[in-house]
Each structure stands twice: as C-alpha cells, then as structure tokens.
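One file, model_32.txt, carrying compact mmCIF, C-alpha atoms and all ligand atoms:
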```txt
# COMPACT_ATOMS: atom_id res chain seq x y z
CA MET L 20 -37.43 -18.52 -2.11
CA PRO L 21 -36.61 -21.46 0.23
CA HIS L 22 -36.00 -20.46 3.82
CA VAL L 23 -32.22 -20.84 3.66
CA SER L 24 -30.71 -20.57 0.19
CA ARG L 25 -27.12 -20.42 -0.98
CA VAL L 26 -25.31 -18.69 -3.77
CA THR L 27 -21.76 -19.83 -4.46
CA ASP L 28 -20.54 -17.28 -6.98
CA TYR L 29 -20.95 -13.66 -7.94
CA THR L 30 -24.36 -13.20 -9.53
CA HIS L 31 -24.53 -9.43 -9.89
CA LEU L 32 -20.96 -8.16 -10.20
CA ARG L 33 -19.22 -8.75 -13.52
CA PRO L 34 -15.62 -9.96 -13.96
CA HIS L 35 -14.31 -6.41 -14.49
CA ASP L 36 -15.99 -5.34 -11.22
CA LEU L 37 -13.83 -7.91 -9.44
CA LYS L 38 -10.60 -6.17 -10.45
CA PRO L 39 -9.29 -3.61 -7.93
CA PRO L 40 -9.85 -0.01 -9.11
CA GLY L 41 -6.24 0.78 -8.19
CA GLU L 42 -7.10 4.25 -6.89
CA PRO L 43 -6.35 5.13 -3.28
CA GLU L 44 -9.80 6.54 -2.48
CA VAL L 45 -12.02 3.94 -4.08
CA PHE L 46 -13.41 1.23 -1.84
CA PHE L 47 -12.92 -2.33 -3.08
CA GLU L 48 -14.47 -5.25 -1.24
CA PRO L 49 -16.43 -7.21 -3.84
CA ALA L 50 -18.34 -9.51 -1.46
CA ASP L 51 -19.54 -6.51 0.51
CA THR L 52 -20.63 -4.77 -2.70
CA GLU L 53 -22.37 -7.89 -4.03
CA ILE L 54 -24.44 -8.24 -0.87
CA GLY L 55 -25.73 -4.68 -1.26
CA VAL L 56 -26.92 -5.50 -4.76
CA TRP L 57 -28.76 -8.59 -3.51
CA VAL L 58 -30.51 -6.42 -0.93
CA ALA L 59 -31.61 -3.97 -3.61
CA ALA L 60 -32.78 -6.87 -5.80
CA ASP L 61 -34.96 -8.11 -2.92
CA LEU L 62 -36.76 -4.77 -2.90
CA LEU L 63 -37.11 -4.01 -6.61
CA PRO L 64 -40.52 -4.57 -8.23
CA PRO L 65 -40.74 -8.16 -9.55
CA GLY L 66 -40.96 -7.10 -13.19
CA GLY L 67 -38.26 -4.43 -12.85
CA GLY L 68 -38.60 -0.65 -12.70
CA GLY L 69 -38.32 1.85 -9.89
CA THR L 70 -35.50 4.10 -8.76
CA VAL L 71 -32.67 3.24 -6.39
CA LEU L 72 -31.03 6.07 -4.46
CA ASP L 73 -27.72 4.54 -3.35
CA LEU L 74 -26.13 6.44 -0.44
CA GLY L 75 -22.34 6.02 -0.29
CA SER L 76 -22.19 4.55 -3.78
CA GLY L 77 -18.42 3.96 -3.88
CA SER L 78 -16.92 2.76 -7.16
CA GLY L 79 -20.36 2.69 -8.80
CA ALA L 80 -20.16 -1.06 -9.49
CA ALA L 81 -23.12 -1.64 -7.18
CA ALA L 82 -25.25 0.99 -8.94
CA ALA L 83 -24.55 -0.55 -12.35
CA ALA L 84 -25.40 -4.01 -11.02
CA MET L 85 -28.65 -2.71 -9.50
CA ALA L 86 -29.62 -1.39 -12.93
CA ARG L 87 -28.86 -4.81 -14.47
CA ALA L 88 -30.96 -6.36 -11.69
CA GLY L 89 -33.95 -4.40 -12.98
CA ALA L 90 -33.92 -0.87 -11.55
CA ALA L 91 -35.12 1.59 -14.17
CA ARG L 92 -32.95 4.30 -12.66
CA VAL L 93 -30.07 4.32 -10.14
CA HIS L 94 -28.58 7.46 -8.64
CA GLY L 95 -25.53 7.14 -6.39
CA ILE L 96 -24.21 9.75 -3.97
CA ASP L 97 -20.77 9.66 -2.37
CA SER L 98 -18.71 12.17 -0.41
CA GLY L 99 -15.37 11.06 -1.88
CA GLU L 100 -14.28 13.24 -4.81
CA GLN L 101 -11.97 10.65 -6.36
CA THR L 102 -14.61 7.99 -5.72
CA LEU L 103 -17.19 10.10 -7.54
CA ARG L 104 -14.88 10.66 -10.53
CA TYR L 105 -14.19 6.92 -10.72
CA ALA L 106 -17.90 6.05 -10.65
CA GLN L 107 -18.74 8.66 -13.27
CA THR L 108 -15.94 7.50 -15.55
CA HIS L 109 -16.56 3.77 -15.24
CA TYR L 110 -20.24 3.26 -14.48
CA ALA L 111 -22.40 6.28 -15.33
CA THR L 112 -24.49 5.86 -18.47
CA PRO L 113 -23.84 8.47 -21.20
CA PRO L 114 -25.52 11.88 -20.91
CA GLY L 115 -28.90 11.64 -22.56
CA ASP L 116 -29.41 8.10 -21.27
CA GLY L 117 -29.22 9.05 -17.59
CA ARG L 118 -30.18 5.63 -16.27
CA ILE L 119 -27.14 5.43 -13.95
CA THR L 120 -25.92 8.72 -12.48
CA PHE L 121 -23.74 9.85 -9.60
CA ALA L 122 -23.32 13.03 -7.56
CA LEU L 123 -21.02 14.34 -4.88
CA GLY L 124 -22.75 14.74 -1.54
CA ASP L 125 -22.60 14.03 2.16
CA PHE L 126 -25.74 12.21 3.23
CA ALA L 127 -25.11 13.21 6.84
CA LEU L 128 -25.35 16.90 5.91
CA LEU L 129 -27.94 17.05 3.12
CA SER L 130 -31.67 16.66 3.65
CA ALA L 131 -33.55 13.88 1.90
CA GLN L 132 -34.96 16.36 -0.62
CA GLN L 133 -31.50 17.85 -1.25
CA LEU L 134 -30.13 14.36 -1.90
CA LEU L 135 -32.95 13.69 -4.36
CA ALA L 136 -32.38 17.06 -6.02
CA THR L 137 -28.84 15.97 -7.01
CA ALA L 138 -30.53 13.63 -9.52
CA SER L 139 -32.02 15.10 -12.64
CA GLY L 140 -34.58 13.66 -15.01
CA PRO L 141 -37.48 11.36 -14.28
CA LEU L 142 -37.25 9.12 -11.22
CA PRO L 143 -39.68 6.24 -11.79
CA GLU L 144 -41.50 4.94 -8.74
CA PRO L 145 -41.20 3.12 -6.42
CA LEU L 146 -38.21 4.77 -4.79
CA ILE L 147 -35.84 2.50 -2.87
CA VAL L 148 -33.02 3.82 -0.70
CA THR L 149 -30.00 1.55 -0.35
CA SER L 150 -26.78 1.96 1.57
CA ASN L 151 -23.75 -0.15 2.30
CA PRO L 152 -22.26 2.46 4.60
CA ALA L 153 -19.05 2.44 6.59
CA TYR L 154 -20.00 0.10 9.45
CA VAL L 155 -16.90 -0.97 11.38
CA PRO L 156 -16.96 -0.04 15.09
CA LEU L 157 -13.63 1.65 15.80
CA PRO L 158 -12.10 3.47 18.77
CA PRO L 159 -12.66 7.26 18.57
CA GLU L 160 -8.97 8.01 18.04
CA VAL L 161 -8.88 6.12 14.72
CA ASP L 162 -12.51 6.49 13.62
CA GLU L 163 -11.83 9.26 11.08
CA ALA L 164 -8.90 7.39 9.52
CA ARG L 165 -10.85 5.28 7.02
CA PRO L 166 -13.99 7.03 5.64
CA SER L 167 -15.07 3.91 3.77
CA ILE L 168 -15.26 1.70 6.87
CA SER L 169 -15.41 3.97 9.96
CA GLY L 170 -18.77 3.44 11.60
CA GLY L 171 -18.21 5.17 14.95
CA THR L 172 -17.99 3.36 18.25
CA ASP L 173 -21.08 1.20 17.62
CA GLY L 174 -20.75 0.78 13.83
CA LEU L 175 -24.01 2.64 13.31
CA LYS L 176 -22.74 6.20 12.94
CA TRP L 177 -24.60 6.59 9.64
CA ALA L 178 -27.65 4.39 10.25
CA GLY L 179 -29.85 7.15 11.69
CA ALA L 180 -29.25 9.48 8.73
CA ILE L 181 -29.84 6.70 6.19
CA THR L 182 -33.06 5.38 7.74
CA GLY L 183 -34.24 8.98 8.26
CA HIS L 184 -33.75 9.77 4.56
CA ALA L 185 -35.59 6.61 3.51
CA ARG L 186 -38.49 7.41 5.79
CA ALA L 187 -38.66 11.06 4.68
CA LEU L 188 -38.84 9.89 1.07
CA GLY L 189 -41.44 7.18 1.81
CA ALA L 190 -39.04 4.60 0.39
CA ASP L 191 -38.27 0.98 1.19
CA LEU L 192 -34.77 0.52 2.52
CA GLY L 193 -31.83 -1.79 1.93
CA LEU L 194 -29.18 -1.48 4.64
CA THR L 195 -25.94 -3.42 4.99
CA ILE L 196 -24.20 -3.76 8.35
CA GLY L 197 -21.63 -6.07 9.91
CA SER L 198 -22.48 -8.71 12.50
CA TYR L 199 -20.30 -6.61 14.84
CA SER L 200 -22.15 -3.32 14.08
CA THR L 201 -24.40 -3.71 17.14
CA PRO L 202 -27.10 -5.60 15.18
CA ARG L 203 -29.55 -5.49 18.09
CA ARG L 204 -29.33 -1.69 18.07
CA ALA L 205 -29.55 -1.64 14.26
CA VAL L 206 -32.92 -3.39 14.42
CA ALA L 207 -34.04 -0.91 17.08
CA VAL L 208 -33.12 1.99 14.76
CA LEU L 209 -35.05 0.35 11.91
CA THR L 210 -38.09 -0.33 14.08
CA GLU L 211 -38.08 3.19 15.55
CA THR L 212 -38.00 4.61 12.03
CA GLY L 213 -40.91 2.43 10.93
CA TYR L 214 -39.13 -0.35 9.05
CA HIS L 215 -39.29 -4.11 9.36
CA ILE L 216 -36.91 -6.69 7.91
CA THR L 217 -38.28 -8.83 5.09
CA ALA L 218 -35.18 -10.73 3.91
CA VAL L 219 -31.63 -11.25 5.18
CA THR L 220 -28.47 -11.95 3.21
CA LEU L 221 -25.34 -13.14 5.02
CA CYS L 222 -21.78 -13.39 3.76
CA PRO L 223 -18.85 -14.52 5.91
CA LEU L 224 -15.79 -12.30 5.54
CA PRO L 225 -12.40 -12.16 7.27
CA ILE L 226 -11.91 -9.07 9.43
CA GLY L 227 -10.05 -6.44 7.39
CA ASP L 228 -6.44 -5.45 8.05
CA PHE L 229 -7.23 -2.03 9.53
CA THR L 230 -9.81 -3.51 11.93
CA ARG L 231 -7.34 -6.24 12.95
CA ARG L 232 -4.92 -3.49 13.93
CA HIS L 233 -7.65 -1.63 15.84
CA PRO L 234 -9.95 -4.37 17.21
CA GLU L 235 -10.69 -2.80 20.61
CA ARG L 236 -14.27 -1.70 19.93
CA VAL L 237 -15.24 -4.87 18.10
CA LEU L 238 -13.87 -7.02 20.93
CA ALA L 239 -15.50 -4.85 23.61
CA LEU L 240 -18.87 -5.17 21.86
CA GLU L 241 -18.41 -8.94 21.56
CA GLU L 242 -17.68 -9.06 25.28
CA LYS L 243 -21.01 -7.26 25.90
CA ALA L 244 -22.81 -9.71 23.54
CA GLU L 245 -23.50 -6.83 21.13
CA ALA L 246 -21.23 -8.12 18.33
CA VAL L 247 -21.10 -11.58 16.76
CA LEU L 248 -17.72 -12.69 15.45
CA TRP L 249 -17.08 -15.94 13.63
CA ARG L 250 -14.23 -17.66 15.43
CA SER L 251 -14.71 -21.26 14.33
CA GLY L 252 -14.45 -20.81 10.57
CA PRO L 253 -11.51 -21.03 8.20
CA ASP L 254 -10.24 -17.60 9.25
CA PRO L 255 -9.52 -17.23 12.97
CA LEU L 256 -11.26 -13.85 13.08
CA ALA L 257 -14.17 -13.28 10.76
CA TYR L 258 -17.63 -11.73 10.78
CA PHE L 259 -20.76 -11.75 8.69
CA VAL L 260 -21.80 -9.01 6.34
CA VAL L 261 -25.54 -8.66 6.97
CA GLY L 262 -27.79 -7.33 4.22
CA LEU L 263 -31.21 -6.25 5.48
CA ALA L 264 -34.04 -5.73 3.00
CA CYS L 265 -36.62 -3.64 4.83
CA ARG L 266 -40.12 -2.45 4.04
CA ARG L 267 -42.06 0.28 5.70
CA ALA L 268 -44.09 -1.26 8.52
CA GLU L 269 -47.77 -1.26 7.72
CA THR L 270 -49.07 -2.56 11.03
CA SER L 271 -48.56 -1.46 14.58
CA ALA L 272 -47.76 -5.06 15.60
CA ARG L 273 -44.14 -5.33 16.72
CA PRO L 274 -42.37 -7.19 13.94
CA ALA L 275 -39.83 -9.97 14.42
CA GLY L 276 -36.53 -8.29 14.89
CA ALA L 277 -33.61 -7.97 17.24
CA LYS L 278 -33.80 -11.29 19.07
CA GLU L 279 -34.37 -13.20 15.85
CA LEU L 280 -31.45 -11.48 14.11
CA MET L 281 -29.12 -12.18 17.04
CA ASP L 282 -30.27 -15.83 17.09
CA LEU L 283 -29.58 -16.08 13.36
CA LEU L 284 -26.07 -14.65 13.73
CA HIS L 285 -25.21 -16.82 16.75
CA THR L 286 -26.45 -19.90 14.89
CA ALA L 287 -24.39 -18.98 11.82
CA ALA L 288 -21.35 -18.49 14.07
CA ARG L 289 -21.52 -22.12 15.18
CA SER L 290 -20.67 -23.20 11.62
CA THR L 291 -17.22 -24.35 10.63
CA THR L 292 -17.50 -23.84 6.88
CA THR L 293 -18.39 -20.87 4.71
CA ARG L 294 -21.64 -22.68 3.81
CA LEU L 295 -22.76 -21.69 7.32
CA GLU L 296 -24.09 -25.20 7.67
CA SER L 297 -25.44 -24.74 11.22
CA LEU L 298 -28.32 -22.79 9.70
CA ASP L 299 -29.54 -26.14 8.28
CA ALA L 300 -29.42 -27.99 11.60
CA PRO L 301 -32.59 -30.01 12.19
CA GLY L 302 -34.53 -28.72 15.15
CA GLU L 303 -33.54 -25.09 14.68
CA MET L 304 -36.57 -22.81 14.70
CA PRO L 305 -37.22 -21.44 11.22
CA PHE L 306 -36.16 -17.82 10.97
CA PRO L 307 -38.93 -15.30 10.32
CA TRP L 308 -37.40 -14.18 7.02
CA PRO L 309 -35.84 -15.91 4.04
CA VAL L 310 -32.08 -16.13 4.58
CA ARG L 311 -29.66 -16.10 1.66
CA ILE L 312 -26.06 -17.12 2.25
CA LEU L 313 -23.38 -15.85 -0.09
CA ASP L 314 -20.61 -18.46 -0.02
CA LEU L 315 -18.33 -16.60 -2.43
CA PRO L 316 -14.80 -17.27 -3.64
CA PRO L 317 -12.39 -15.33 -1.41
CA ALA L 318 -11.09 -12.05 -2.85
CA SER L 319 -7.32 -11.84 -3.17
CA THR L 320 -7.31 -8.04 -2.86
CA ARG L 321 -9.34 -5.76 -0.62
CA HIS L 322 -8.99 -2.02 -0.33
CA HIS L 323 -10.57 0.17 2.34
CA TRP L 324 -9.76 3.86 2.18
C1 LIG C 401 -18.34 0.69 2.54
S1 LIG C 401 -18.13 1.81 1.21
C2 LIG C 401 -19.39 1.12 0.12
C3 LIG C 401 -19.30 1.56 -1.30
C4 LIG C 401 -20.35 0.94 -2.22
N1 LIG C 401 -21.69 1.20 -1.76
C5 LIG C 401 -20.14 -0.53 -2.35
O1 LIG C 401 -20.94 -1.30 -1.79
O2 LIG C 401 -19.17 -0.93 -3.00
C6 LIG C 401 -18.88 3.26 1.85
C7 LIG C 401 -18.85 4.46 0.93
O3 LIG C 401 -19.55 5.52 1.58
C8 LIG C 401 -18.87 6.75 1.33
N2 LIG C 401 -19.26 7.63 2.45
C9 LIG C 401 -18.85 7.57 3.74
N3 LIG C 401 -19.47 8.51 4.45
C10 LIG C 401 -20.30 9.18 3.60
C11 LIG C 401 -21.22 10.28 3.77
N4 LIG C 401 -21.41 10.86 4.96
N5 LIG C 401 -21.90 10.71 2.68
C12 LIG C 401 -21.70 10.14 1.47
N6 LIG C 401 -20.85 9.09 1.27
C13 LIG C 401 -20.16 8.62 2.32
C14 LIG C 401 -17.41 6.38 1.27
O4 LIG C 401 -16.71 7.33 0.50
C15 LIG C 401 -17.47 5.00 0.60
O5 LIG C 401 -17.33 5.12 -0.80
```

Before we go any further, please render this structure as structure tokens.
Ligand SMILES: C[S@@+](CC[C@H](N)C(=O)[O-])C[C@H]1O[C@@H](n2cnc3c(N)ncnc32)[C@H](O)[C@@H]1O
Amino acid sequence: MPHVSRVTDYTHLRPHDLKPPGEPEVFFEPADTEIGVWVAADLLPPGGGGTVLDLGSGSGAAAAAMARAGAARVHGIDSGEQTLRYAQTHYATPPGDGRITFALGDFALLSAQQLLATASGPLPEPLIVTSNPAYVPLPPEVDEARPSISGGTDGLKWAGAITGHARALGADLGLTIGSYSTPRRAVAVLTETGYHITAVTLCPLPIGDFTRRHPERVLALEEKAEAVLWRSGPDPLAYFVVGLACRRAETSARPAGAKELMDLLHTAARSTTTRLESLDAPGEMPFPWPVRILDLPPASTRHHW
C-alpha cells in the first residue's frame, strides 16, 4: 500500500447499508461504520479466514461487511436490545450457517471469556477484536444521553475495556476513535496494553448535531491540545474519524505512537479539502504507518441514539 492512499467511495458497505434503519435505537453513520470495516480488513489474514469479535456491533452492517472482506466468522455484541434485534433480522446468517451472529451483552461488564462464550460454534483463528465504540467526549451531565456516541469526558470511556478484552484473548485489535477523543491518551492506552499501530485510516466528518449542542468537552480538550478539530474544511466544525489497526507488540522497543499520531492529525487539519491534501505536502516527514484517507460522499442522514 502506498504511504498515503485515498478511497473516494464506499468499498465495503452496500447500497442498502447506506439507507437509514429508521429505528430510534439503531446507530446510523455510514462513514464511521465503513472506517471500522477498513480497520478489520487491515488485520484479517491476506487470504481470508479468522474470526472477528465486534464489540458494540450496532446495526450489524459492519459485521456483514467484515465477512465479505474475508473473515470466516464474525460475532457482534451490543448492549442495545432494539439494536440487537435489528442486526439479527437484517444481517445474521441463517441458523445452521452461523457465519455472522450477534448477541446481547455489555462489554464493560462481561469478561473476555464471557463475551466469547456468547458465540457458539467453531471460531477459526486468528481472533481479531474490533470496536467502533461511542467516542465523543461529552460533559458528565449529558454523557448518558446518547449510548451510541457518549465516550465520557475524554472520549475513551470504553477504550480500557476493549483493549483489555483483546489482550486477554491474545487478539489483534481494530479500534476507532475521533480526533477529539484524546488521541495521545488513546495511544498510551494501546501501548500500555501491549499494542502498536500498524495502519491508520482517516475520514473527515462534520461534528454531529448532539455534539454541536454540547461542545464544551471537545472545545476544552482542543484548548489543551488534546483534541484536533478540522476548522479549515468545507464544514466550519469537523473532525477526523481515526481507525487504528493494531497488532500485539512483539518487541520491547517503544513503537512510534502518540507524537506521530498527533502530527498526522495536525497535518491533516491544515487541509482545506476532504482529500486532506496537506498529507501530500512535499517535505513532510513520512508517517510511520500507511495512511488511508476515506474521502466519501457526504451522508444526507445521520442518526445517533
Ligand atoms: C458508535 S456505535 C457503532 C456501531 C457499529 N459498530 C458501527 O460501526 O456501525 C456504538 C455501538 O456500541 C453500543 N454500545 C455502547 N456501549 C456498549 C457496551 N458497554 N457494551 C456493548 N455495546 C455498547 C451502542 O449500542 C452502539 O450500537
């Protein structure tokens, strides 16, 4: 893969995945979902195979796309009852096939083994844990209001549980965050848990309506240089969805991480178009990982419950 590559349309989601589910408790943000599938694809074995355990699987569109991307088995877990019913109805494979399955569960409460036990049947190796969790930093008084986006005051409320499960299962890890979800701290959590980043996918996205109405934490983190917002693009207030494909660290050498990720995000934020053209600027130091930019058509509808 070239160092900076671009994708200008949906590769993994299908046209019917781009239609809003129309149910109040089912998350719909197709660019965000697409990025999670790219992250899984970066970690799947080259010839296909393996099992993806998708934590916070939402509508199930991501799980189905991960199976099309080559996973032999995908099992999604979500704590939303209506969300689970939607995923089972629309994306689970028929009983007896069992390639794509879903279960109700709270990954903050269950142990890694309990999460795995919600899946039946053979789980081909390698095991990959993915999550596109709720990652918006919100003030405490509104943090519980939107389970699909509420990421606590630093946006990383769920990161410790997710990385802990991946580590306990000996799995590689795909984690999606926002460029305002304290990315420096996110890398620290990954490093502390024994993971290093191997590929990064970025997608510019306007700040959602709920966050626009409750921007205090995001703006406070930006003020402290712990959040990167995109203020020079087509939308006056946007951010980058950041997909991090991570492998278990095999050496004790400190891998490239927080500084490099912050540099990448600050460089991207100097762009004026959704191509994130500043990442091509001659003279910029090459980033230590391949960087994929998703320059996707804007979605007319978004739904965060
Ligand atoms: C940002 S949405 C992502 C959905 C899906 N992965 C996608 O990319 O389209 C986060 C999902 O995590 C679920 N969720 C939030 N907290 C959870 C928890 N503690 N355990 C399980 N699921 C959770 C929400 O119900 C929501 O469906």

_Just want the residues within 9 Å of ligand LIG 401 (chain C), written as a PyMOL selection string, counting all atoms listed in the file._
chain L and resi 44-56+73-82+95-103+123-129+149-154+165-170+177+180+195+323-324

Would you tabulate, counting all atoms listed in the file, all residues of region 69-112 of chain L that have an atom at most 9 Å from an atom of region 137-145 of chain L, showing the closest pair of atoms and their distance in Å to one decimal, sorted by chain then ascending number, as CSV?
```
residue,atom,partner,partner_atom,distance
L:Gly69,CA,L:Glu144,CA,4.6
L:Thr70,CA,L:Pro143,CA,5.6
L:Val71,CA,L:Pro145,CA,8.5
L:Ala91,CA,L:Pro143,CA,6.9
L:Arg92,CA,L:Leu142,CA,6.6
L:Val93,CA,L:Leu142,CA,8.7
L:His94,CA,L:Ala138,CA,6.5
L:Gly95,CA,L:Ala138,CA,8.8
L:Ile96,CA,L:Thr137,CA,8.3
```

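Counting all atoms listed in the file, the residue from L:Gly183, L:Pro305, L:Pro316, L:Gly89 that sits nearest to Gly213 (chain L) is L:Gly183.
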
*L:Pro253, L:Thr210, L:Thr220, L:Pro156: which is nearest Leu238 (chain L), counting only C-alpha atoms?*
L:Pro156

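Going from CA of Ala178 (chain L) over to CA of Glu163 (chain L), you cover 16.6 Å.
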
*For Ser297 (chain L), which residue among L:Arg204, L:Leu280, L:Asp28, L:Ser251 is the nearest when counting all atoms listed in the file?*
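Looking only at the distances to Ser297 (chain L), the closest residue turns out to be L:Ser251.
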
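CA of Gly189 (chain L) is positioned 21.4 Å from CA of Arg118 (chain L).
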
*To one decimal place, how far is CA of Tyr105 (chain L) from CA of Val148 (chain L) in Å?*
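Rounded to one decimal, the two atoms are 21.6 Å apart.
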
*Go through L:Ala185, L:Ala164, L:Ala90, L:Leu283 one by one, measure the shortest atom-to-atom distance of each to Ser130 (chain L) using all atoms listed in the file, and give the residue with the smallest value.*
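Closest residue, counting all atoms listed in the file: L:Ala185.
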
*Restricting the calculation to only C-alpha atoms, which member of L:Leu146, L:Leu72, L:Leu188, L:Ile216 is positioned closest to Cys265 (chain L)?*
L:Ile216

*Of the listed residues L:Arg266, L:Arg236, L:Lys176, L:His215, that which approaches Leu192 (chain L) most closely, counting only C-alpha atoms*: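 For Leu192 (chain L), the nearest of the given residues is L:Arg266.
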
Will you give me region 130-160 of chain L, written with C-alpha atoms and laid out as a PDB file, in the first residue's frame?
```pdb
ATOM      1  CA  SER L 130     -15.189 -10.757  30.945  1.00  0.00           C
ATOM      2  CA  ALA L 131     -13.388 -11.558  27.713  1.00  0.00           C
ATOM      3  CA  GLN L 132     -14.240 -15.243  28.110  1.00  0.00           C
ATOM      4  CA  GLN L 133     -17.899 -14.432  28.808  1.00  0.00           C
ATOM      5  CA  LEU L 134     -18.027 -12.317  25.655  1.00  0.00           C
ATOM      6  CA  LEU L 135     -16.531 -15.171  23.646  1.00  0.00           C
ATOM      7  CA  ALA L 136     -18.970 -17.624  25.225  1.00  0.00           C
ATOM      8  CA  THR L 137     -21.909 -15.697  23.693  1.00  0.00           C
ATOM      9  CA  ALA L 138     -20.744 -17.105  20.332  1.00  0.00           C
ATOM     10  CA  SER L 139     -21.421 -20.721  19.556  1.00  0.00           C
ATOM     11  CA  GLY L 140     -19.830 -22.992  17.000  1.00  0.00           C
ATOM     12  CA  PRO L 141     -16.276 -23.008  15.720  1.00  0.00           C
ATOM     13  CA  LEU L 142     -14.304 -19.768  15.877  1.00  0.00           C
ATOM     14  CA  PRO L 143     -11.498 -20.068  13.317  1.00  0.00           C
ATOM     15  CA  GLU L 144      -8.191 -18.470  14.240  1.00  0.00           C
ATOM     16  CA  PRO L 145      -6.759 -15.881  14.271  1.00  0.00           C
ATOM     17  CA  LEU L 146      -9.118 -13.948  16.520  1.00  0.00           C
ATOM     18  CA  ILE L 147      -9.392 -10.206  15.901  1.00  0.00           C
ATOM     19  CA  VAL L 148     -11.239  -7.859  18.236  1.00  0.00           C
ATOM     20  CA  THR L 149     -12.736  -4.760  16.621  1.00  0.00           C
ATOM     21  CA  SER L 150     -14.690  -1.888  18.082  1.00  0.00           C
ATOM     22  CA  ASN L 151     -16.086   1.374  16.837  1.00  0.00           C
ATOM     23  CA  PRO L 152     -17.271   2.402  20.277  1.00  0.00           C
ATOM     24  CA  ALA L 153     -19.037   5.531  21.448  1.00  0.00           C
ATOM     25  CA  TYR L 154     -16.144   8.024  21.424  1.00  0.00           C
ATOM     26  CA  VAL L 155     -17.452  11.584  21.740  1.00  0.00           C
ATOM     27  CA  PRO L 156     -16.133  13.480  24.788  1.00  0.00           C
ATOM     28  CA  LEU L 157     -19.186  14.985  26.489  1.00  0.00           C
ATOM     29  CA  PRO L 158     -19.817  16.864  29.727  1.00  0.00           C
ATOM     30  CA  PRO L 159     -20.838  14.497  32.580  1.00  0.00           C
ATOM     31  CA  GLU L 160     -24.383  15.880  32.758  1.00  0.00           C
TER      32      GLU L 160
END
```
